[in-house]
Amino acid sequence: RLTIAATLEEPARARLTQRTDDIAAIVKRVQTINRALLNRLRPAGLGQAPLGRCLELLVREGARHHPEVRVEGRFAPLRQGYGDLVDLTVYRCVQEGLTNALRHAGPGRVAVSVAEEDGTLHLSVEDDGRGLGEERVEGRGLAGMRERVEALGGSLALVPLRPGTALRITLPAGPETPEGEPA
């Protein structure tokens with residue numbers, strides 16, 4: 001196999017080889033960043049795998065990044081899916097609630113649960129951390145969750161615990177997504 005670099009004399013051959021290696025490394029990095037951005041827009045597997053399984057993986061990932069915290073998840077019984085908007089809202093709210101608890105509360109334990117009861121989804125993220133404090137400012141993450149939830153006719157509340165905080169969300173359960181059809 002004849003390559004362009006093989007037809008060149010040194011040091012041009014070495015420079016060309018180094019430049020192509022640099023370009024390949026940049027392309028690989030851009031692909032990694034692109035995959036991460038796409039996953040943030042639409043998490044991989046959401047709509048193809050059962051919602052409960054996607055949530056389990058999300059909680060497992062949070063626990064892996066914070067081995068000093070006991071992170072628990074309970075996601076049964078849930079349907080295969082509840083439709084695009086509800087599934088994505090539940091996923092994003094679990095993701096943001098878990099991230100907030102792990103980053104800001106200093107917890108020893110975080111418990112995440114999602115359950116369906118009488119046509120309503122109940123989502124809870126509870127931690128045993130330092131609590132809300134007197135001068136709590138609602139950040140973009142919490143405001144974004146509230147907007148998503150209220151747009152679907154649900155409600156969001158932050159409940160002080162002793163110790164810790166509970167994020168409690170209720171959402172109307174959307175229609176079940178038939179197996180084999182994208183959510």
# chains A, B, ... in the order shown; residues from 1 in each chain; ligands from 1
>>> select_by_dssp(residues="stretch 80-182 of chain A", states="strand (DSSP E or B)", output="PyMOL selection string")
chain A and resi 109-117+120-127+155-160+165-172
>>> residues_around(residues="A:Glu68", least_positions_apart="2", cutoff="10 Å", atoms="only C-alpha atoms", output="CSV table (one decimal) with C-alpha atoms, in the first residue's frame")
chain,number,residue,atom,x,y,z
A,63,ALA,CA,-23.2,6.1,42.4
A,64,ARG,CA,-20.1,5.2,40.4
A,65,HIS,CA,-19.0,8.9,40.4
A,66,HIS,CA,-19.7,9.3,44.1
A,70,ARG,CA,-24.9,5.3,49.3
A,71,VAL,CA,-27.1,5.9,46.2
A,107,PRO,CA,-25.1,13.5,51.7
A,108,GLY,CA,-24.2,10.1,53.1
A,109,ARG,CA,-27.2,8.6,51.3
>>> closest_residue(among="A:Gln80, A:Gln31, A:Thr20, A:Thr7", to="A:Ala49", atoms="only C-alpha atoms")
A:Gln80
>>> select_by_dssp(residues="stretch 9-179 of chain A", states="alpha helix (DSSP H)", output="PyMOL selection string")
chain A and resi 12-41+51-65+84-100+140-151
>>> closest_residue(among="A:Glu150, A:Asp128, A:Glu61, A:Glu56", to="A:Thr89", atoms="only C-alpha atoms")
A:Glu150
>>> atom_distance(atom1="atom CA of A:Val114", atom2="atom CA of A:Val69")
19.8 Å
>>> residues_around(residues="stretch 119-125 of chain A", least_positions_apart="5", cutoff="9 Å", atoms="only C-alpha atoms", output="number ranges by chain")
A: 78, 90, 93-94, 97-98, 101, 110-114, 165-174
>>> write_last_selection(atoms="all heavy atoms", output="short mmCIF file (atom, residue, chain, number, x, y, z; two decimals), in the first residue's frame")
data_model
loop_
_atom_site.label_atom_id
_atom_site.label_comp_id
_atom_site.auth_asym_id
_atom_site.auth_seq_id
_atom_site.Cartn_x
_atom_site.Cartn_y
_atom_site.Cartn_z
N LEU A 78 -43.10 0.09 36.89
CA LEU A 78 -43.31 1.11 35.87
C LEU A 78 -43.65 0.43 34.55
O LEU A 78 -43.20 -0.68 34.30
CB LEU A 78 -42.06 1.98 35.67
CG LEU A 78 -41.63 2.86 36.83
CD1 LEU A 78 -40.31 3.56 36.50
CD2 LEU A 78 -42.69 3.89 37.17
N VAL A 90 -39.29 12.71 33.18
CA VAL A 90 -38.94 11.89 34.35
C VAL A 90 -37.43 11.67 34.39
O VAL A 90 -36.79 11.85 35.43
CB VAL A 90 -39.70 10.54 34.33
CG1 VAL A 90 -39.14 9.57 35.37
CG2 VAL A 90 -41.19 10.77 34.57
N CYS A 93 -35.60 14.92 35.30
CA CYS A 93 -35.83 15.31 36.70
C CYS A 93 -35.05 14.41 37.65
O CYS A 93 -34.48 14.90 38.64
CB CYS A 93 -37.32 15.30 37.02
SG CYS A 93 -38.21 16.68 36.24
N VAL A 94 -35.00 13.12 37.38
CA VAL A 94 -34.17 12.22 38.20
C VAL A 94 -32.71 12.63 38.06
O VAL A 94 -31.98 12.74 39.05
CB VAL A 94 -34.38 10.74 37.79
CG1 VAL A 94 -33.30 9.85 38.40
CG2 VAL A 94 -35.77 10.27 38.22
N GLY A 97 -32.22 16.08 39.87
CA GLY A 97 -32.39 15.93 41.31
C GLY A 97 -31.24 15.17 41.95
O GLY A 97 -30.73 15.56 43.02
N LEU A 98 -30.81 14.10 41.31
CA LEU A 98 -29.69 13.31 41.81
C LEU A 98 -28.40 14.13 41.77
O LEU A 98 -27.64 14.16 42.74
CB LEU A 98 -29.54 12.03 40.97
CG LEU A 98 -28.42 11.09 41.35
CD1 LEU A 98 -28.56 10.60 42.79
CD2 LEU A 98 -28.40 9.90 40.38
N ALA A 101 -28.42 16.76 44.57
CA ALA A 101 -28.19 16.16 45.89
C ALA A 101 -26.72 15.79 46.06
O ALA A 101 -26.12 16.08 47.10
CB ALA A 101 -29.08 14.93 46.07
N VAL A 110 -28.48 8.97 49.26
CA VAL A 110 -29.49 9.56 48.38
C VAL A 110 -30.38 8.42 47.91
O VAL A 110 -29.88 7.40 47.44
CB VAL A 110 -28.86 10.28 47.16
CG1 VAL A 110 -29.95 10.82 46.24
CG2 VAL A 110 -27.92 11.39 47.59
N ALA A 111 -31.68 8.60 48.04
CA ALA A 111 -32.64 7.59 47.59
C ALA A 111 -33.52 8.19 46.50
O ALA A 111 -34.13 9.24 46.71
CB ALA A 111 -33.50 7.12 48.76
N VAL A 112 -33.57 7.52 45.36
CA VAL A 112 -34.36 7.97 44.22
C VAL A 112 -35.45 6.94 43.98
O VAL A 112 -35.17 5.74 43.96
CB VAL A 112 -33.48 8.11 42.96
CG1 VAL A 112 -34.30 8.61 41.78
CG2 VAL A 112 -32.29 9.01 43.21
N SER A 113 -36.68 7.41 43.78
CA SER A 113 -37.74 6.46 43.45
C SER A 113 -38.71 7.09 42.45
O SER A 113 -38.92 8.29 42.45
CB SER A 113 -38.50 6.02 44.71
OG SER A 113 -39.20 7.11 45.27
N VAL A 114 -39.23 6.23 41.60
CA VAL A 114 -40.30 6.61 40.67
C VAL A 114 -41.29 5.46 40.68
O VAL A 114 -40.91 4.30 40.51
CB VAL A 114 -39.79 6.86 39.23
CG1 VAL A 114 -40.95 7.23 38.31
CG2 VAL A 114 -38.72 7.94 39.21
N THR A 165 -33.13 16.91 52.39
CA THR A 165 -34.14 17.51 51.53
C THR A 165 -34.77 16.43 50.67
O THR A 165 -34.10 15.47 50.29
CB THR A 165 -33.49 18.57 50.60
OG1 THR A 165 -32.79 19.52 51.39
CG2 THR A 165 -34.53 19.29 49.76
N ALA A 166 -36.03 16.63 50.34
CA ALA A 166 -36.72 15.74 49.40
C ALA A 166 -37.24 16.57 48.23
O ALA A 166 -37.88 17.60 48.44
CB ALA A 166 -37.86 15.00 50.07
N LEU A 167 -36.93 16.12 47.03
CA LEU A 167 -37.55 16.66 45.82
C LEU A 167 -38.71 15.74 45.53
O LEU A 167 -38.53 14.51 45.39
CB LEU A 167 -36.54 16.64 44.66
CG LEU A 167 -37.11 16.91 43.27
CD1 LEU A 167 -37.57 18.35 43.13
CD2 LEU A 167 -36.08 16.57 42.20
N ARG A 168 -39.92 16.29 45.45
CA ARG A 168 -41.11 15.48 45.19
C ARG A 168 -41.80 16.02 43.95
O ARG A 168 -42.13 17.20 43.87
CB ARG A 168 -42.06 15.53 46.37
CG ARG A 168 -41.45 15.06 47.66
CD ARG A 168 -41.89 13.66 48.01
NE ARG A 168 -41.08 13.06 49.05
CZ ARG A 168 -41.18 13.29 50.36
NH1 ARG A 168 -42.07 14.13 50.80
NH2 ARG A 168 -40.40 12.67 51.21
N ILE A 169 -42.03 15.15 43.00
CA ILE A 169 -42.67 15.52 41.74
C ILE A 169 -43.80 14.55 41.46
O ILE A 169 -43.65 13.34 41.64
CB ILE A 169 -41.64 15.48 40.58
CG1 ILE A 169 -40.58 16.57 40.77
CG2 ILE A 169 -42.33 15.61 39.22
CD1 ILE A 169 -39.44 16.52 39.79
N THR A 170 -44.92 15.10 41.03
CA THR A 170 -46.02 14.26 40.53
C THR A 170 -46.31 14.69 39.10
O THR A 170 -46.24 15.87 38.76
CB THR A 170 -47.30 14.40 41.38
OG1 THR A 170 -47.71 15.76 41.39
CG2 THR A 170 -47.07 13.91 42.80
N LEU A 171 -46.59 13.69 38.27
CA LEU A 171 -46.90 13.91 36.85
C LEU A 171 -48.02 13.00 36.44
O LEU A 171 -48.04 11.83 36.85
CB LEU A 171 -45.70 13.53 35.98
CG LEU A 171 -44.53 14.47 35.84
CD1 LEU A 171 -43.39 13.77 35.11
CD2 LEU A 171 -44.94 15.71 35.10
N PRO A 172 -48.93 13.48 35.60
CA PRO A 172 -49.91 12.56 35.04
C PRO A 172 -49.16 11.54 34.17
O PRO A 172 -48.29 11.91 33.38
CB PRO A 172 -50.81 13.44 34.17
CG PRO A 172 -50.48 14.85 34.53
CD PRO A 172 -49.11 14.85 35.14
N ALA A 173 -49.47 10.27 34.35
CA ALA A 173 -48.84 9.22 33.54
C ALA A 173 -49.42 9.32 32.13
O ALA A 173 -50.63 9.33 31.95
CB ALA A 173 -49.11 7.85 34.14
N GLY A 174 -48.55 9.42 31.15
CA GLY A 174 -48.99 9.48 29.75
C GLY A 174 -49.45 8.10 29.30
O GLY A 174 -49.45 7.14 30.07
#
>>> closest_residue(among="A:Lys28, A:Arg162, A:Arg60, A:Arg130", to="A:Gln95", atoms="only C-alpha atoms")
A:Arg60
>>> closest_residue(among="A:Leu102, A:Leu158, A:Leu142, A:Leu55", to="A:Gly81", atoms="only C-alpha atoms")
A:Leu55
>>> atom_distance(atom1="atom CA of A:Gly133", atom2="atom CA of A:Glu147")
22.9 Å
